[in-house]
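query-v5.cif (mmCIF, C-alpha atoms)
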```cif
data_structure
loop_
_atom_site.label_atom_id
_atom_site.label_comp_id
_atom_site.auth_asym_id
_atom_site.auth_seq_id
_atom_site.Cartn_x
_atom_site.Cartn_y
_atom_site.Cartn_z
CA MET P 72 31.69 -106.13 -23.34
CA SER P 73 29.36 -108.65 -24.96
CA PRO P 74 25.82 -107.68 -25.93
CA GLY P 75 24.36 -109.82 -23.19
CA ALA P 76 26.71 -108.65 -20.48
CA VAL P 77 25.19 -107.33 -17.31
CA GLY P 78 25.45 -103.57 -17.16
CA ALA P 79 25.79 -103.03 -20.91
CA PRO P 80 23.65 -100.18 -22.33
CA GLY P 81 20.17 -101.49 -22.93
CA SER P 82 21.07 -104.95 -21.63
CA VAL P 83 18.10 -105.05 -19.26
CA ARG P 84 15.73 -104.08 -22.06
CA ARG P 85 17.21 -106.72 -24.38
CA TYR P 86 17.06 -109.30 -21.61
CA LEU P 87 13.37 -108.63 -20.92
CA HIS P 88 12.58 -108.59 -24.64
CA SER P 89 14.32 -111.94 -25.17
CA LEU P 90 12.65 -113.34 -22.05
CA TRP P 91 9.22 -112.40 -23.35
CA LEU P 92 9.92 -113.79 -26.84
CA LEU P 93 11.04 -117.15 -25.45
CA SER P 94 8.13 -117.35 -23.00
CA ALA P 95 5.62 -116.41 -25.70
CA ARG P 96 7.12 -119.10 -27.94
CA ASP P 97 6.63 -121.70 -25.22
CA LEU P 98 2.98 -120.69 -24.83
CA ARG P 99 2.35 -120.70 -28.58
CA VAL P 100 3.92 -124.13 -28.99
CA ARG P 101 1.89 -125.55 -26.11
CA TYR P 102 -1.43 -124.17 -27.31
CA ALA P 103 -0.84 -124.59 -31.05
CA THR P 104 -0.09 -128.31 -30.72
CA SER P 105 -3.12 -128.99 -28.53
CA ALA P 106 -6.71 -129.29 -29.70
CA LEU P 107 -7.97 -127.87 -26.39
CA GLY P 108 -5.36 -125.10 -26.27
CA TYR P 109 -6.05 -122.64 -23.44
CA LEU P 110 -8.46 -125.05 -21.74
CA TRP P 111 -5.51 -127.14 -20.56
CA SER P 112 -4.59 -124.22 -18.26
CA VAL P 113 -7.82 -124.74 -16.36
CA LEU P 114 -8.60 -128.45 -16.83
CA ASP P 115 -5.75 -129.78 -14.69
CA PRO P 116 -6.56 -127.78 -11.52
CA LEU P 117 -10.29 -128.10 -12.22
CA VAL P 118 -10.17 -131.92 -12.35
CA MET P 119 -7.92 -132.09 -9.28
CA SER P 120 -10.27 -129.78 -7.37
CA ALA P 121 -13.32 -131.82 -8.39
CA ILE P 122 -11.70 -135.07 -7.20
CA TYR P 123 -10.67 -133.72 -3.79
CA TRP P 124 -13.98 -131.89 -3.36
CA PHE P 125 -15.87 -135.13 -4.02
CA VAL P 126 -13.69 -137.20 -1.70
CA PHE P 127 -13.72 -134.79 1.22
CA THR P 128 -17.32 -133.56 0.98
CA GLN P 129 -19.32 -136.41 -0.54
CA VAL P 130 -17.42 -139.51 0.58
CA PHE P 131 -15.90 -138.55 3.93
CA HIS P 132 -18.12 -135.53 4.68
CA ARG P 133 -15.36 -133.07 5.51
CA SER P 134 -15.54 -131.70 9.04
CA GLU P 135 -11.98 -131.28 10.28
CA VAL P 136 -10.05 -129.83 7.35
CA GLY P 137 -10.44 -126.65 5.35
CA GLU P 138 -13.29 -124.18 5.30
CA ALA P 139 -16.53 -123.74 3.40
CA PRO P 140 -16.98 -123.31 0.51
CA TYR P 141 -14.42 -126.10 0.28
CA ILE P 142 -14.13 -125.94 -3.53
CA VAL P 143 -12.86 -122.35 -3.26
CA PHE P 144 -10.58 -123.37 -0.39
CA LEU P 145 -9.07 -126.03 -2.66
CA ILE P 146 -8.72 -123.92 -5.78
CA THR P 147 -6.97 -121.03 -4.02
CA ALA P 148 -4.08 -123.41 -3.32
CA LEU P 149 -4.33 -125.85 -6.23
CA LEU P 150 -3.91 -123.16 -8.90
CA PRO P 151 -0.60 -121.86 -7.48
CA TRP P 152 0.46 -125.45 -6.80
CA VAL P 153 0.00 -126.33 -10.49
CA TRP P 154 2.15 -123.29 -11.34
CA PHE P 155 4.83 -124.38 -8.86
CA ASN P 156 4.77 -128.06 -9.83
CA SER P 157 4.85 -127.49 -13.60
CA ALA P 158 7.60 -124.86 -13.34
CA VAL P 159 9.87 -127.02 -11.15
CA THR P 160 9.28 -130.00 -13.45
CA ASP P 161 10.28 -127.94 -16.49
CA TYR P 162 13.38 -126.59 -14.72
CA THR P 163 14.81 -130.12 -14.78
CA LYS P 164 15.09 -129.95 -18.58
CA ALA P 165 15.35 -126.18 -19.09
CA PHE P 166 18.84 -126.42 -20.61
CA SER P 167 18.88 -129.87 -22.15
CA LYS P 168 15.70 -129.11 -24.10
CA ASP P 169 17.39 -126.30 -26.06
CA ALA P 170 21.05 -127.23 -25.60
CA ARG P 171 22.14 -125.93 -29.01
CA LEU P 172 20.57 -122.50 -28.46
CA VAL P 173 21.98 -122.28 -24.93
CA ARG P 174 25.50 -122.87 -26.26
CA SER P 175 25.27 -120.64 -29.31
CA THR P 176 23.40 -117.54 -28.11
CA ALA P 177 25.00 -114.61 -26.30
CA ILE P 178 22.04 -113.85 -24.03
CA PRO P 179 22.49 -114.60 -20.30
CA ARG P 180 21.84 -118.28 -19.61
CA SER P 181 19.57 -117.45 -16.68
CA ILE P 182 16.94 -116.50 -19.23
CA TRP P 183 16.32 -120.19 -19.94
CA VAL P 184 15.23 -120.57 -16.33
CA ASN P 185 13.26 -117.35 -16.08
CA ARG P 186 11.29 -118.09 -19.25
CA VAL P 187 9.83 -121.15 -17.50
CA THR P 188 8.82 -119.06 -14.48
CA LEU P 189 7.20 -116.45 -16.72
CA SER P 190 5.37 -118.78 -19.10
CA LYS P 191 3.99 -120.89 -16.24
CA GLY P 192 3.07 -117.69 -14.42
CA VAL P 193 1.07 -116.54 -17.43
CA GLU P 194 -0.74 -119.88 -17.45
CA PHE P 195 -1.52 -119.34 -13.76
CA LEU P 196 -3.05 -115.95 -14.55
CA LEU P 197 -5.08 -117.50 -17.38
CA SER P 198 -6.48 -120.06 -14.93
CA LEU P 199 -7.73 -117.47 -12.40
CA PRO P 200 -11.21 -117.24 -14.03
CA VAL P 201 -11.78 -120.72 -12.56
CA LEU P 202 -11.29 -119.31 -9.06
CA VAL P 203 -13.47 -116.28 -9.79
CA GLY P 204 -16.22 -118.46 -11.24
CA PHE P 205 -16.40 -120.84 -8.29
CA ALA P 206 -16.17 -117.97 -5.79
CA VAL P 207 -19.22 -116.37 -7.41
CA ILE P 208 -21.18 -119.62 -7.77
CA SER P 209 -20.51 -120.75 -4.19
CA GLY P 210 -21.16 -117.31 -2.68
CA ALA P 211 -17.70 -116.97 -1.14
CA THR P 212 -17.09 -113.68 0.65
CA VAL P 213 -14.12 -111.53 -0.26
CA GLY P 214 -12.25 -109.50 2.35
CA TRP P 215 -9.35 -107.08 2.58
CA GLY P 216 -6.93 -109.99 2.40
CA ILE P 217 -7.49 -110.24 -1.34
CA LEU P 218 -5.00 -107.35 -1.59
CA LEU P 219 -2.32 -109.82 -0.48
CA PHE P 220 -2.93 -112.05 -3.51
CA PRO P 221 -0.34 -110.17 -5.65
CA VAL P 222 2.12 -110.39 -2.75
CA GLY P 223 1.73 -114.16 -2.84
CA MET P 224 2.47 -114.11 -6.57
CA LEU P 225 5.58 -111.99 -6.03
CA LEU P 226 6.91 -114.34 -3.36
CA GLN P 227 6.16 -117.36 -5.53
CA VAL P 228 8.09 -115.83 -8.43
CA THR P 229 10.98 -115.15 -6.03
CA LEU P 230 10.97 -118.73 -4.73
CA LEU P 231 10.59 -120.30 -8.17
CA THR P 232 13.38 -118.21 -9.69
CA GLY P 233 15.77 -119.26 -6.93
CA LEU P 234 14.79 -122.91 -7.24
CA GLY P 235 15.13 -122.77 -11.02
CA LEU P 236 18.65 -121.34 -10.81
CA LEU P 237 19.54 -124.25 -8.52
CA ILE P 238 17.68 -127.13 -10.17
CA ALA P 239 18.28 -126.41 -13.86
CA PRO P 240 22.10 -126.54 -13.88
CA LEU P 241 22.27 -129.34 -11.31
CA CYS P 242 20.02 -131.55 -13.46
CA VAL P 243 22.44 -131.12 -16.39
CA LEU P 244 25.41 -132.09 -14.24
CA TRP P 245 23.60 -134.97 -12.48
CA SER P 246 20.80 -136.38 -14.63
CA ASP P 247 19.38 -138.54 -11.81
CA LEU P 248 18.18 -135.36 -10.12
CA GLU P 249 15.38 -135.09 -12.67
CA ARG P 250 13.67 -138.23 -11.35
CA THR P 251 14.51 -137.27 -7.77
CA THR P 252 12.84 -133.89 -8.23
CA ARG P 253 9.62 -135.53 -9.40
CA LEU P 254 9.56 -137.79 -6.35
CA VAL P 255 10.13 -134.82 -4.05
CA LEU P 256 7.27 -132.93 -5.71
CA ARG P 257 4.88 -135.82 -5.08
CA ALA P 258 5.72 -135.84 -1.38
CA LEU P 259 5.67 -132.04 -1.19
CA PHE P 260 2.08 -131.93 -2.42
CA TYR P 261 0.87 -133.67 0.75
CA ALA P 262 3.33 -131.79 2.97
CA THR P 263 1.92 -128.46 1.76
CA PRO P 264 -1.37 -127.02 3.05
CA ILE P 265 -3.46 -127.56 -0.09
CA ILE P 266 -6.23 -130.00 0.74
CA TYR P 267 -6.02 -128.78 4.34
CA GLY P 268 -5.08 -125.51 6.01
CA ILE P 269 -2.10 -124.88 8.25
CA SER P 270 -4.57 -124.06 11.03
CA ASP P 271 -5.92 -127.62 10.76
CA LEU P 272 -2.60 -129.07 11.93
CA PRO P 273 -2.17 -129.77 15.66
CA GLY P 274 0.54 -128.19 17.78
CA VAL P 275 4.09 -128.82 16.65
CA PHE P 276 3.00 -130.00 13.19
CA ALA P 277 1.73 -126.49 12.40
CA ASP P 278 5.13 -125.05 13.38
CA ILE P 279 6.92 -127.60 11.20
CA ALA P 280 4.59 -126.87 8.28
CA ALA P 281 5.43 -123.17 8.60
CA LEU P 282 8.99 -124.02 7.52
CA ASN P 283 7.60 -124.90 4.10
CA PRO P 284 7.70 -121.58 2.20
CA LEU P 285 4.68 -122.63 0.14
CA ALA P 286 2.59 -122.70 3.32
CA GLY P 287 3.07 -118.97 3.83
CA ILE P 288 2.67 -118.16 0.14
CA PHE P 289 -0.57 -120.15 -0.14
CA THR P 290 -1.84 -118.42 3.00
CA LEU P 291 -1.54 -115.11 1.14
CA TYR P 292 -3.68 -116.53 -1.66
CA ARG P 293 -6.32 -117.85 0.73
CA VAL P 294 -6.67 -115.08 3.28
CA GLY P 295 -8.81 -112.94 0.97
CA PHE P 296 -11.55 -115.58 1.14
CA PHE P 297 -10.73 -117.21 4.48
CA PRO P 298 -9.34 -114.64 6.96
CA ASP P 299 -9.08 -117.29 9.71
CA GLN P 300 -6.30 -118.92 7.68
CA TRP P 301 -3.98 -115.99 8.40
CA ASN P 302 -0.77 -117.24 10.00
CA PRO P 303 1.94 -114.58 10.47
CA LEU P 304 4.63 -117.17 11.32
CA SER P 305 4.20 -119.10 8.07
CA VAL P 306 3.94 -115.91 5.99
CA GLY P 307 7.05 -114.38 7.58
CA LEU P 308 9.09 -117.56 7.22
CA GLY P 309 7.83 -118.03 3.67
CA ALA P 310 9.05 -114.57 2.68
CA VAL P 311 12.46 -115.01 4.34
CA ILE P 312 13.01 -118.47 2.85
CA ALA P 313 11.92 -117.35 -0.64
CA VAL P 314 14.46 -114.51 -0.62
CA ALA P 315 17.16 -116.78 0.82
CA VAL P 316 16.54 -119.41 -1.88
CA LEU P 317 16.79 -116.71 -4.56
CA LEU P 318 20.14 -115.46 -3.24
CA ILE P 319 21.50 -119.01 -2.94
CA GLY P 320 20.25 -119.78 -6.45
CA ILE P 321 21.99 -116.74 -7.93
CA MET P 322 25.31 -117.58 -6.28
CA THR P 323 25.09 -121.25 -7.20
CA PHE P 324 24.19 -120.52 -10.80
CA ARG P 325 27.21 -118.26 -11.22
CA ARG P 326 29.49 -121.07 -10.04
CA LEU P 327 27.88 -123.75 -12.17
CA GLU P 328 27.41 -121.83 -15.43
CA ARG P 329 30.76 -122.82 -16.94
CA PRO P 330 30.58 -126.52 -15.97
CA LEU P 331 27.02 -126.48 -17.30
CA LEU P 332 28.09 -125.25 -20.75
CA LYS P 333 30.87 -127.85 -20.92
CA GLU P 334 28.40 -130.61 -20.13
CA LEU P 335 25.76 -129.58 -22.72
#
```

Could you express the structure from this file as structure tokens?
Amino acid sequence: MSPGAVGAPGSVRRYLHSLWLLSARDLRVRYATSALGYLWSVLDPLVMSAIYWFVFTQVFHRSEVGEAPYIVFLITALLPWVWFNSAVTDYTKAFSKDARLVRSTAIPRSIWVNRVTLSKGVEFLLSLPVLVGFAVISGATVGWGILLFPVGMLLQVTLLTGLGLLIAPLCVLWSDLERTTRLVLRALFYATPIIYGISDLPGVFADIAALNPLAGIFTLYRVGFFPDQWNPLSVGLGAVIAVAVLLIGIMTFRRLERPLLKEL
């Protein structure tokens, strides 16, 4: 049995150790080569939040979407969206970026996907002070729903891992999928309750939006500040779809691993 084989003594510990080393390397490289370093983890969602806050409160005088304080409403969804968007984007080149290491190392190849999920998840955690700061400044109230915030993170990790196991090998086998994925992400931003809430959608559109797993996940992030955003249908469907995507991703990755290595 190879050192990286599943079920080998200590294989889980070695896997987690290797996963952390690779994720930490990604973070060091990103911050070491940037003059602003850690600030990039907060600047992107901060600038996006400022733009949408200005448009919907100062230009159009928001009245039909979201809740007050609107800046907190935005950030509770924009921060996890940045995590989701950056992770999925990096999945498209997860193997091609380090093709030589992927071919030559004995560690399970899934680690090259999971390191993206972990490193982007750490960046998400590092950006949370932005949410805390604006919640304090704007006087946002915090309710029992804040306890569901970690549940949202767990479901997002589940969904991202499944998507990564699907997207990463497929983008090696069909390179055009990298550009396609970016186009889908652009459309998905507006199809996901970020600048609006699922409760803002009329009738059948709310039911359709509930089929987007991110709608339920983002509801779990928001409900601690905005209890009226609670939507059991979207949360339930989000959890089921996230688990289903993970299972499909695992099965697909097992089938594509050999063709993937031949292509690299």

Pick the closest to Leu318 in chain P from P:Gly233, P:Pro116, P:Gly216, P:Pro303: which is it, counting only C-alpha atoms?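 Nearest to Leu318 in chain P: P:Gly233.
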
Please enumerate the residues selected by the PyMOL selection byres ((chain P and resi 306) around 12) when evaluated against the supplied file, formatted as number ranges by chain. P: 219, 222-223, 226-227, 269, 278, 280-294, 300-305, 307-313

Nearest-residue call for Leu189 in chain P, choices P:Ala95, P:Ala165, P:Ile208, P:Val159, using only C-alpha atoms: P:Ala95

Work out how far apart CA of Val316 in chain P and CA of Leu87 in chain P are and give it in Å to one decimal. 22.1 Å

Given only C-alpha atoms as the counted atoms, nearest of P:Val213, P:Gly204, P:Ala258, P:Trp183 to Asp169 in chain P: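 Of P:Val213, P:Gly204, P:Ala258, P:Trp183, the one nearest Asp169 in chain P, counting only C-alpha atoms, is P:Trp183.
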
Among listed residues P:Ala211, P:Ile178, P:Leu231, P:Ile319, nearest Arg85 in chain P (using all atoms listed in the file): P:Ile178

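Note that CA of Val143 in chain P and CA of Leu202 in chain P are 6.7 Å apart.
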
Under the rule that all atoms listed in the file are counted, which of P:Val83, P:Val100, P:Ala315, P:Leu150 is the nearest residue to Ile265 in chain P?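 Smallest distance to Ile265 in chain P is found for P:Leu150.
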
Quick check, in Å to one decimal: how far apart do CA of Leu254 in chain P and CA of Ser190 in chain P lie?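 Spanning CA of Leu254 in chain P to CA of Ser190 in chain P is a straight-line distance of 23.3 Å.
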
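Proximity to Ser167 in chain P was assessed for P:Leu327, P:Cys242, P:Leu196, P:Ile279 counting only C-alpha atoms; the smallest distance is recorded for P:Cys242.
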
Exercise: residues within 10 Å of coordinate (-12.1, -120.0, -17.6), counting all atoms listed in the file, as a ChimeraX atom specification: /P:109-110,112-114,117,197-204

For the selection you just gave me, I'd like the residues written to a file as a PDB file, in the frame of the given file, keeping C-alpha atoms.
```pdb
ATOM      1  CA  TYR P 109      -6.050-122.640 -23.440  1.00  0.00           C
ATOM      2  CA  LEU P 110      -8.460-125.050 -21.740  1.00  0.00           C
ATOM      3  CA  SER P 112      -4.590-124.220 -18.260  1.00  0.00           C
ATOM      4  CA  VAL P 113      -7.820-124.740 -16.360  1.00  0.00           C
ATOM      5  CA  LEU P 114      -8.600-128.450 -16.830  1.00  0.00           C
ATOM      6  CA  LEU P 117     -10.290-128.100 -12.220  1.00  0.00           C
ATOM      7  CA  LEU P 197      -5.080-117.500 -17.380  1.00  0.00           C
ATOM      8  CA  SER P 198      -6.480-120.060 -14.930  1.00  0.00           C
ATOM      9  CA  LEU P 199      -7.730-117.470 -12.400  1.00  0.00           C
ATOM     10  CA  PRO P 200     -11.210-117.240 -14.030  1.00  0.00           C
ATOM     11  CA  VAL P 201     -11.780-120.720 -12.560  1.00  0.00           C
ATOM     12  CA  LEU P 202     -11.290-119.310  -9.060  1.00  0.00           C
ATOM     13  CA  VAL P 203     -13.470-116.280  -9.790  1.00  0.00           C
ATOM     14  CA  GLY P 204     -16.220-118.460 -11.240  1.00  0.00           C
TER      15      GLY P 204
END
```

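Near (-11.9, -114.7, 2.9), the residues that fall inside 6 Å on the basis of only C-alpha atoms are Thr212, Val213, Gly214, Val294, Gly295, Phe296, Phe297 and Pro298 of chain P.
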
Mind telling me what the PyMOL selection byres ((chain P and resi 331) around 9) catches here, as a compact mmCIF listing (two decimals) with C-alpha atoms, in the frame of the given file?
```txt
# COMPACT_ATOMS: atom_id res chain seq x y z
CA PHE P 166 18.84 -126.42 -20.61
CA PRO P 240 22.10 -126.54 -13.88
CA LEU P 241 22.27 -129.34 -11.31
CA VAL P 243 22.44 -131.12 -16.39
CA LEU P 244 25.41 -132.09 -14.24
CA LEU P 327 27.88 -123.75 -12.17
CA GLU P 328 27.41 -121.83 -15.43
CA ARG P 329 30.76 -122.82 -16.94
CA PRO P 330 30.58 -126.52 -15.97
CA LEU P 332 28.09 -125.25 -20.75
CA LYS P 333 30.87 -127.85 -20.92
CA GLU P 334 28.40 -130.61 -20.13
CA LEU P 335 25.76 -129.58 -22.72
```

Ground truth for the PyMOL selection byres ((chain P and resi 144) around 9), written as a PyMOL selection string: chain P and resi 137-143+145-149+265-268+293+296-297

Now that the selection is made, can you save its residues with C-alpha atoms as a PDB file, in the frame of the given file?
```
ATOM      1  CA  GLY P 137     -10.440-126.650   5.350  1.00  0.00           C
ATOM      2  CA  GLU P 138     -13.290-124.180   5.300  1.00  0.00           C
ATOM      3  CA  ALA P 139     -16.530-123.740   3.400  1.00  0.00           C
ATOM      4  CA  PRO P 140     -16.980-123.310   0.510  1.00  0.00           C
ATOM      5  CA  TYR P 141     -14.420-126.100   0.280  1.00  0.00           C
ATOM      6  CA  ILE P 142     -14.130-125.940  -3.530  1.00  0.00           C
ATOM      7  CA  VAL P 143     -12.860-122.350  -3.260  1.00  0.00           C
ATOM      8  CA  LEU P 145      -9.070-126.030  -2.660  1.00  0.00           C
ATOM      9  CA  ILE P 146      -8.720-123.920  -5.780  1.00  0.00           C
ATOM     10  CA  THR P 147      -6.970-121.030  -4.020  1.00  0.00           C
ATOM     11  CA  ALA P 148      -4.080-123.410  -3.320  1.00  0.00           C
ATOM     12  CA  LEU P 149      -4.330-125.850  -6.230  1.00  0.00           C
ATOM     13  CA  ILE P 265      -3.460-127.560  -0.090  1.00  0.00           C
ATOM     14  CA  ILE P 266      -6.230-130.000   0.740  1.00  0.00           C
ATOM     15  CA  TYR P 267      -6.020-128.780   4.340  1.00  0.00           C
ATOM     16  CA  GLY P 268      -5.080-125.510   6.010  1.00  0.00           C
ATOM     17  CA  ARG P 293      -6.320-117.850   0.730  1.00  0.00           C
ATOM     18  CA  PHE P 296     -11.550-115.580   1.140  1.00  0.00           C
ATOM     19  CA  PHE P 297     -10.730-117.210   4.480  1.00  0.00           C
TER      20      PHE P 297
END
```

Mind checking which residues fall within 9 Å of range 96-98 of chain P, counting all atoms listed in the file, ignoring those fewer than 5 positions away in the same chain, and posting them as a ChimeraX atom specification? /P:91,103,186-187,190-191,193-194

Please rebuild range 210-222 of chain P with N, CA and C atoms and return the result as a CSV table (one decimal), keeping the file's coordinate frame.
```csv
chain,number,residue,atom,x,y,z
P,210,GLY,N,-20.8,-118.4,-3.6
P,210,GLY,CA,-21.2,-117.3,-2.7
P,210,GLY,C,-20.1,-117.0,-1.7
P,211,ALA,N,-18.8,-117.2,-2.0
P,211,ALA,CA,-17.7,-117.0,-1.1
P,211,ALA,C,-17.6,-115.5,-0.9
P,212,THR,N,-17.3,-115.1,0.3
P,212,THR,CA,-17.1,-113.7,0.6
P,212,THR,C,-15.6,-113.3,0.4
P,213,VAL,N,-15.5,-112.0,0.0
P,213,VAL,CA,-14.1,-111.5,-0.3
P,213,VAL,C,-13.8,-110.4,0.7
P,214,GLY,N,-12.7,-110.5,1.4
P,214,GLY,CA,-12.2,-109.5,2.4
P,214,GLY,C,-11.0,-108.7,1.9
P,215,TRP,N,-10.5,-107.9,2.9
P,215,TRP,CA,-9.4,-107.1,2.6
P,215,TRP,C,-8.1,-107.9,2.2
P,216,GLY,N,-8.1,-109.2,2.7
P,216,GLY,CA,-6.9,-110.0,2.4
P,216,GLY,C,-6.7,-110.3,0.9
P,217,ILE,N,-7.7,-110.0,0.1
P,217,ILE,CA,-7.5,-110.2,-1.3
P,217,ILE,C,-6.4,-109.4,-1.9
P,218,LEU,N,-6.1,-108.3,-1.2
P,218,LEU,CA,-5.0,-107.4,-1.6
P,218,LEU,C,-3.6,-108.0,-1.4
P,219,LEU,N,-3.6,-109.1,-0.7
P,219,LEU,CA,-2.3,-109.8,-0.5
P,219,LEU,C,-2.1,-110.9,-1.6
P,220,PHE,N,-3.1,-111.1,-2.4
P,220,PHE,CA,-2.9,-112.0,-3.5
P,220,PHE,C,-1.7,-111.7,-4.4
P,221,PRO,N,-1.5,-110.5,-4.8
P,221,PRO,CA,-0.3,-110.2,-5.6
P,221,PRO,C,1.0,-110.4,-4.9
P,222,VAL,N,0.9,-110.2,-3.6
P,222,VAL,CA,2.1,-110.4,-2.8
P,222,VAL,C,2.5,-111.9,-2.8
```
